[in-house]
>>> print(open('my_file.txt').read())   # compact mmCIF, C-alpha atoms
# COMPACT_ATOMS: atom_id res chain seq x y z
CA MET A 1 -139.41 -81.15 17.94
CA THR A 2 -140.13 -84.62 19.28
CA GLY A 3 -140.48 -85.43 22.97
CA GLY A 4 -137.36 -87.59 22.82
CA ALA A 5 -135.38 -84.76 21.27
CA LEU A 6 -136.55 -82.38 24.00
CA VAL A 7 -135.48 -84.82 26.72
CA LEU A 8 -132.07 -85.21 25.05
CA LEU A 9 -131.73 -81.43 24.72
CA ALA A 10 -132.61 -80.92 28.40
CA ALA A 11 -130.11 -83.60 29.48
CA THR A 12 -127.47 -82.00 27.28
CA GLY A 13 -128.25 -78.66 28.93
CA VAL A 14 -127.61 -80.17 32.35
CA VAL A 15 -124.28 -81.57 31.18
CA ALA A 16 -123.42 -78.17 29.64
CA ALA A 17 -124.13 -76.45 32.97
CA ALA A 18 -121.83 -78.96 34.69
CA ASP A 19 -119.15 -78.12 32.11
CA TRP A 20 -119.56 -74.38 32.74
CA ALA A 21 -119.19 -74.92 36.48
CA ALA A 22 -116.13 -77.10 35.90
CA VAL A 23 -114.55 -74.37 33.77
CA LEU A 24 -115.21 -71.75 36.46
CA LYS A 25 -113.77 -73.98 39.18
CA SER A 26 -110.93 -75.30 36.98
CA ALA A 27 -112.13 -78.85 37.66
CA ARG A 28 -110.31 -80.35 34.69
CA ARG A 29 -111.46 -83.94 35.20
CA VAL A 30 -115.11 -82.91 35.11
CA GLU A 31 -114.46 -80.59 32.19
CA TYR A 32 -112.67 -83.31 30.22
CA ALA A 33 -115.73 -85.54 30.57
CA ALA A 34 -118.47 -82.91 30.26
CA LYS A 35 -117.19 -80.93 27.28
CA PRO A 36 -117.19 -83.87 24.84
CA ALA A 37 -120.41 -85.19 26.41
CA VAL A 38 -122.19 -81.96 25.43
CA MET A 39 -121.25 -82.45 21.80
CA ILE A 40 -122.30 -86.10 21.93
CA GLY A 41 -125.62 -84.94 23.38
CA LEU A 42 -126.08 -82.39 20.60
CA ILE A 43 -125.35 -85.09 18.01
CA ALA A 44 -128.02 -87.26 19.65
CA VAL A 45 -130.48 -84.35 19.52
CA ALA A 46 -129.68 -83.78 15.83
CA LEU A 47 -130.43 -87.43 15.13
CA ALA A 48 -133.69 -87.31 17.13
CA VAL A 49 -135.28 -84.18 15.63
CA HIS A 50 -137.51 -84.13 12.58
CA PRO A 51 -135.66 -81.53 10.49
CA VAL A 52 -137.01 -79.47 7.64
CA SER A 53 -134.23 -81.05 5.52
CA SER A 54 -132.60 -84.45 6.05
CA ALA A 55 -129.59 -83.31 4.03
CA GLU A 56 -129.06 -80.38 6.38
CA ARG A 57 -129.30 -82.72 9.34
CA ALA A 58 -126.56 -84.92 7.87
CA LEU A 59 -124.34 -81.87 7.46
CA PHE A 60 -125.07 -80.78 11.03
CA VAL A 61 -124.18 -84.21 12.38
CA ILE A 62 -120.89 -84.09 10.46
CA ALA A 63 -120.20 -80.55 11.72
CA LEU A 64 -120.99 -81.54 15.30
CA ALA A 65 -118.71 -84.58 15.03
CA LEU A 66 -115.92 -82.32 13.77
CA GLY A 67 -116.71 -79.93 16.63
CA LEU A 68 -116.37 -82.83 19.05
CA ALA A 69 -112.96 -83.64 17.58
CA SER A 70 -111.85 -80.01 17.80
CA ASP A 71 -113.03 -79.83 21.42
CA VAL A 72 -110.85 -82.82 22.25
CA PHE A 73 -107.88 -81.21 20.46
CA LEU A 74 -108.46 -77.98 22.40
CA MET A 75 -108.00 -79.93 25.60
CA LEU A 76 -104.53 -81.01 24.51
CA PRO A 77 -101.41 -79.10 25.51
CA ARG A 78 -100.83 -75.96 23.45
CA ALA A 79 -97.89 -77.45 21.52
CA MET A 80 -100.15 -80.19 20.17
CA PHE A 81 -103.06 -77.87 19.32
CA VAL A 82 -101.74 -76.07 16.26
CA ALA A 83 -99.92 -77.96 13.57
CA GLY A 84 -97.05 -76.25 11.86
CA PRO A 85 -93.44 -75.30 12.50
CA GLY A 86 -92.86 -75.04 16.21
CA GLY A 87 -96.55 -75.65 16.95
CA ARG A 88 -97.33 -71.90 16.96
CA ALA A 89 -100.10 -70.21 15.05
CA GLY A 90 -97.89 -67.19 14.45
CA ARG A 91 -95.50 -69.31 12.40
CA ALA A 92 -98.16 -70.86 10.20
CA PRO A 93 -98.59 -68.26 7.40
CA GLY A 94 -102.18 -67.50 6.53
CA LEU A 95 -103.63 -69.79 9.17
CA HIS A 96 -105.63 -67.03 10.86
CA ARG A 97 -106.99 -65.80 7.52
CA ARG A 98 -108.27 -69.30 6.59
CA PHE A 99 -109.93 -69.74 10.07
CA SER A 100 -111.43 -66.24 9.78
CA ALA A 101 -112.75 -66.94 6.26
CA VAL A 102 -114.55 -70.08 7.43
CA PHE A 103 -116.32 -68.12 10.17
CA VAL A 104 -117.32 -65.30 7.84
CA VAL A 105 -118.82 -67.82 5.43
CA MET A 106 -120.65 -69.56 8.30
CA VAL A 107 -122.17 -66.31 9.60
CA ALA A 108 -123.06 -65.13 6.08
CA SER A 109 -124.70 -68.49 5.29
CA ALA A 110 -126.68 -68.42 8.52
CA GLY A 111 -127.78 -64.84 7.82
CA GLY A 112 -128.66 -65.72 4.24
CA SER A 113 -130.83 -68.61 5.40
CA GLY A 114 -133.41 -66.15 6.72
CA SER A 115 -133.43 -67.91 10.09
CA LEU A 116 -132.82 -65.57 13.02
CA VAL A 117 -132.18 -68.66 15.17
CA ALA A 118 -129.38 -69.77 12.81
CA LEU A 119 -127.93 -66.25 12.66
CA ALA A 120 -127.94 -65.90 16.46
CA GLY A 121 -126.26 -69.31 16.79
CA ALA A 122 -123.62 -68.48 14.18
CA LEU A 123 -122.83 -65.13 15.81
CA LEU A 124 -122.47 -66.71 19.26
CA PHE A 125 -120.26 -69.43 17.81
CA PHE A 126 -118.13 -66.82 16.00
CA TYR A 127 -117.84 -64.73 19.18
CA SER A 128 -116.79 -67.73 21.27
CA ASP A 129 -114.10 -68.78 18.82
CA ALA A 130 -112.77 -65.23 18.49
CA ILE A 131 -112.41 -64.99 22.28
CA LEU A 132 -110.90 -68.48 22.39
CA ALA A 133 -108.27 -67.54 19.81
CA TRP A 134 -107.44 -64.26 21.55
CA ASN A 135 -107.26 -65.95 24.95
CA ARG A 136 -105.08 -68.79 23.69
CA PHE A 137 -102.76 -67.07 21.22
CA VAL A 138 -102.65 -63.35 22.04
CA LYS A 139 -103.24 -62.62 25.71
CA PRO A 140 -105.25 -64.40 28.40
CA ILE A 141 -108.49 -62.64 29.28
CA PRO A 142 -109.84 -62.77 32.85
CA LEU A 143 -112.48 -65.50 32.86
CA GLY A 144 -111.71 -66.00 29.17
CA ARG A 145 -112.33 -69.73 29.39
CA ILE A 146 -116.00 -69.12 30.18
CA ILE A 147 -116.50 -68.61 26.43
CA ILE A 148 -117.79 -72.16 26.65
CA VAL A 149 -121.22 -70.66 27.48
CA PRO A 150 -121.75 -68.78 24.18
CA TYR A 151 -120.11 -71.71 22.37
CA HIS A 152 -122.66 -74.18 23.70
CA ALA A 153 -125.52 -71.70 23.22
CA GLY A 154 -124.43 -71.06 19.63
CA GLU A 155 -124.18 -74.77 18.86
CA ALA A 156 -127.64 -75.38 20.37
CA LEU A 157 -129.22 -72.52 18.41
CA LEU A 158 -127.64 -73.69 15.18
CA LEU A 159 -129.02 -77.15 15.88
CA LEU A 160 -132.48 -75.77 16.67
CA SER A 161 -132.47 -73.96 13.34
CA LEU A 162 -132.93 -77.41 11.76
CA VAL A 163 -136.53 -77.47 12.92
CA THR A 164 -137.45 -73.82 12.40
>>> encode(input="my_file.txt", output="structure tokens")
Amino acid sequence: MTGGALVLLAATGVVAAADWAAVLKSARRVEYAAKPAVMIGLIAVALAVHPVSSAERALFVIALALGLASDVFLMLPRAMFVAGPGGRAGRAPGLHRRFSAVFVVMVASAGGSGSLVALAGALLFFYSDAILAWNRFVKPIPLGRIIIVPYHAGEALLLLSLVT
């Protein structure tokens, strides 16, 4: 990993810590700035590293950009978050099965890559999204919003798998 990429990763870590604190304190203004800033930082890191595969890096940048978009959508009111009749996941047939299938494929692909870093990142990402879905659509969990920590850790580990 280059020195520039390490500096960007460290700066992104500081912004992530600010986001975690904002989530704990329910400081929405800070959270609304920090959460997307973390993803922008990770995109910058992805562009700064010297990956084993340039094609994989391109896919990671696209995935991180989509993650940035989904993070912004998650900050919207619940009625705007899920498309479909009435804006409720429960009324969108098969929606949970399609989201679940994507995560199973992601974890299986990471495991099949032979990279323990990628597998750890995929499992943390899967865990964070499972808790997010439960917290948002089933029943709120005490401190359930702190799932941002394994989410950021998972994203960072997946990114670091580019250079391992």
>>> atom_distance(input="my_file.txt", atom1="CA of Ala120 in chain A", atom2="CA of Ala156 in chain A")
10.3 Å
>>> closest_residue(input="my_file.txt", among="A:Leu158, A:Phe126, A:Ile146, A:Gly114", to="Ala101 in chain A", atoms="all atoms listed in the file")
A:Phe126
>>> residues_around(input="my_file.txt", residues="Ile40 in chain A", least_positions_apart="2", cutoff="12 Å", atoms="all atoms listed in the file", output="ChimeraX atom specification")
/A:8-9,11-13,15-16,33-38,42-47,61-69,71-72,155
>>> atom_distance(input="my_file.txt", atom1="CA of Met75 in chain A", atom2="CA of Arg28 in chain A")
9.4 Å
>>> axis_aligned_box(input="my_file.txt", around="range 146-163 of chain A", padding_each_side="8 Å", output="lines of an AutoDock Vina configuration file")
center_x = -126.3
center_y = -73.0
center_z = 21.0
size_x = 36.5
size_y = 24.9
size_z = 34.4
>>> residues_around(input="my_file.txt", residues="Phe125 in chain A", least_positions_apart="3", cutoff="6 Å", atoms="all atoms listed in the file", output="NGL selection string")
:A and (122 or 128 or 151 or 154)
>>> closest_residue(input="my_file.txt", among="A:Ser113, A:Leu59, A:Phe103, A:Gly41", to="Ala10 in chain A", atoms="all atoms listed in the file")
A:Gly41
>>> decode(input="my_file.txt", residues="range 8-93 of chain A", atoms="C-alpha atoms", output="PDB file, in the first residue's frame")
ATOM      1  CA  LEU A   8      -6.134   8.576   3.122  1.00  0.00           C
ATOM      2  CA  LEU A   9      -7.076   5.422   5.043  1.00  0.00           C
ATOM      3  CA  ALA A  10      -6.056   7.006   8.364  1.00  0.00           C
ATOM      4  CA  ALA A  11      -8.022  10.180   7.583  1.00  0.00           C
ATOM      5  CA  THR A  12     -11.023   8.064   6.626  1.00  0.00           C
ATOM      6  CA  GLY A  13     -10.674   6.227   9.941  1.00  0.00           C
ATOM      7  CA  VAL A  14     -10.837   9.524  11.821  1.00  0.00           C
ATOM      8  CA  VAL A  15     -13.983  10.509   9.920  1.00  0.00           C
ATOM      9  CA  ALA A  16     -15.460   7.050  10.615  1.00  0.00           C
ATOM     10  CA  ALA A  17     -14.810   7.490  14.351  1.00  0.00           C
ATOM     11  CA  ALA A  18     -16.577  10.867  14.193  1.00  0.00           C
ATOM     12  CA  ASP A  19     -19.519   9.144  12.486  1.00  0.00           C
ATOM     13  CA  TRP A  20     -19.654   6.456  15.193  1.00  0.00           C
ATOM     14  CA  ALA A  21     -19.690   9.113  17.899  1.00  0.00           C
ATOM     15  CA  ALA A  22     -22.399  11.025  16.038  1.00  0.00           C
ATOM     16  CA  VAL A  23     -24.526   7.874  15.838  1.00  0.00           C
ATOM     17  CA  LEU A  24     -24.115   7.237  19.574  1.00  0.00           C
ATOM     18  CA  LYS A  25     -25.006  10.837  20.431  1.00  0.00           C
ATOM     19  CA  SER A  26     -27.741  11.081  17.764  1.00  0.00           C
ATOM     20  CA  ALA A  27     -25.959  14.103  16.299  1.00  0.00           C
ATOM     21  CA  ARG A  28     -27.711  13.886  12.943  1.00  0.00           C
ATOM     22  CA  ARG A  29     -25.977  16.853  11.308  1.00  0.00           C
ATOM     23  CA  VAL A  30     -22.550  15.380  11.981  1.00  0.00           C
ATOM     24  CA  GLU A  31     -23.740  11.940  10.931  1.00  0.00           C
ATOM     25  CA  TYR A  32     -25.215  13.264   7.681  1.00  0.00           C
ATOM     26  CA  ALA A  33     -21.821  14.740   6.779  1.00  0.00           C
ATOM     27  CA  ALA A  34     -19.555  12.012   8.168  1.00  0.00           C
ATOM     28  CA  LYS A  35     -21.319   8.912   6.854  1.00  0.00           C
ATOM     29  CA  PRO A  36     -21.018   9.841   3.161  1.00  0.00           C
ATOM     30  CA  ALA A  37     -17.538  11.275   3.795  1.00  0.00           C
ATOM     31  CA  VAL A  38     -16.351   7.837   4.947  1.00  0.00           C
ATOM     32  CA  MET A  39     -17.437   6.274   1.678  1.00  0.00           C
ATOM     33  CA  ILE A  40     -15.827   9.090  -0.308  1.00  0.00           C
ATOM     34  CA  GLY A  41     -12.638   8.459   1.680  1.00  0.00           C
ATOM     35  CA  LEU A  42     -12.762   4.738   0.921  1.00  0.00           C
ATOM     36  CA  ILE A  43     -13.231   5.512  -2.785  1.00  0.00           C
ATOM     37  CA  ALA A  44     -10.157   7.751  -2.606  1.00  0.00           C
ATOM     38  CA  VAL A  45      -8.190   4.946  -0.932  1.00  0.00           C
ATOM     39  CA  ALA A  46      -9.314   2.487  -3.620  1.00  0.00           C
ATOM     40  CA  LEU A  47      -8.050   4.866  -6.283  1.00  0.00           C
ATOM     41  CA  ALA A  48      -4.725   5.390  -4.461  1.00  0.00           C
ATOM     42  CA  VAL A  49      -3.741   1.764  -3.806  1.00  0.00           C
ATOM     43  CA  HIS A  50      -1.757  -0.417  -6.159  1.00  0.00           C
ATOM     44  CA  PRO A  51      -4.115  -3.397  -6.421  1.00  0.00           C
ATOM     45  CA  VAL A  52      -3.297  -6.911  -7.485  1.00  0.00           C
ATOM     46  CA  SER A  53      -5.933  -6.425 -10.229  1.00  0.00           C
ATOM     47  CA  SER A  54      -6.966  -3.138 -11.843  1.00  0.00           C
ATOM     48  CA  ALA A  55     -10.243  -4.715 -12.938  1.00  0.00           C
ATOM     49  CA  GLU A  56     -11.071  -5.607  -9.340  1.00  0.00           C
ATOM     50  CA  ARG A  57     -10.271  -2.058  -8.292  1.00  0.00           C
ATOM     51  CA  ALA A  58     -12.723  -0.709 -10.873  1.00  0.00           C
ATOM     52  CA  LEU A  59     -15.425  -3.013  -9.517  1.00  0.00           C
ATOM     53  CA  PHE A  60     -14.635  -1.933  -5.953  1.00  0.00           C
ATOM     54  CA  VAL A  61     -14.894   1.738  -6.890  1.00  0.00           C
ATOM     55  CA  ILE A  62     -18.279   1.077  -8.508  1.00  0.00           C
ATOM     56  CA  ALA A  63     -19.425  -0.911  -5.451  1.00  0.00           C
ATOM     57  CA  LEU A  64     -18.262   1.828  -3.086  1.00  0.00           C
ATOM     58  CA  ALA A  65     -20.047   4.468  -5.162  1.00  0.00           C
ATOM     59  CA  LEU A  66     -23.236   2.396  -4.981  1.00  0.00           C
ATOM     60  CA  GLY A  67     -22.646   2.020  -1.240  1.00  0.00           C
ATOM     61  CA  LEU A  68     -22.367   5.790  -0.973  1.00  0.00           C
ATOM     62  CA  ALA A  69     -25.697   6.153  -2.772  1.00  0.00           C
ATOM     63  CA  SER A  70     -27.345   3.564  -0.516  1.00  0.00           C
ATOM     64  CA  ASP A  71     -25.977   5.326   2.576  1.00  0.00           C
ATOM     65  CA  VAL A  72     -27.601   8.547   1.421  1.00  0.00           C
ATOM     66  CA  PHE A  73     -30.894   6.720   0.783  1.00  0.00           C
ATOM     67  CA  LEU A  74     -30.701   5.169   4.264  1.00  0.00           C
ATOM     68  CA  MET A  75     -30.638   8.661   5.715  1.00  0.00           C
ATOM     69  CA  LEU A  76     -33.964   9.459   4.063  1.00  0.00           C
ATOM     70  CA  PRO A  77     -37.269   9.033   5.867  1.00  0.00           C
ATOM     71  CA  ARG A  78     -38.471   5.429   6.000  1.00  0.00           C
ATOM     72  CA  ALA A  79     -41.265   5.984   3.453  1.00  0.00           C
ATOM     73  CA  MET A  80     -38.693   7.013   0.851  1.00  0.00           C
ATOM     74  CA  PHE A  81     -36.243   4.196   1.620  1.00  0.00           C
ATOM     75  CA  VAL A  82     -38.028   1.199   0.126  1.00  0.00           C
ATOM     76  CA  ALA A  83     -39.696   1.446  -3.223  1.00  0.00           C
ATOM     77  CA  GLY A  84     -42.911  -0.436  -3.728  1.00  0.00           C
ATOM     78  CA  PRO A  85     -46.574  -0.227  -2.799  1.00  0.00           C
ATOM     79  CA  GLY A  86     -46.940   1.812   0.343  1.00  0.00           C
ATOM     80  CA  GLY A  87     -43.167   2.120   0.738  1.00  0.00           C
ATOM     81  CA  ARG A  88     -42.978  -0.991   2.952  1.00  0.00           C
ATOM     82  CA  ALA A  89     -40.638  -3.914   2.494  1.00  0.00           C
ATOM     83  CA  GLY A  90     -43.335  -6.300   3.676  1.00  0.00           C
ATOM     84  CA  ARG A  91     -45.490  -5.396   0.687  1.00  0.00           C
ATOM     85  CA  ALA A  92     -42.764  -5.882  -1.893  1.00  0.00           C
ATOM     86  CA  PRO A  93     -42.931  -9.647  -2.640  1.00  0.00           C
TER      87      PRO A  93
END
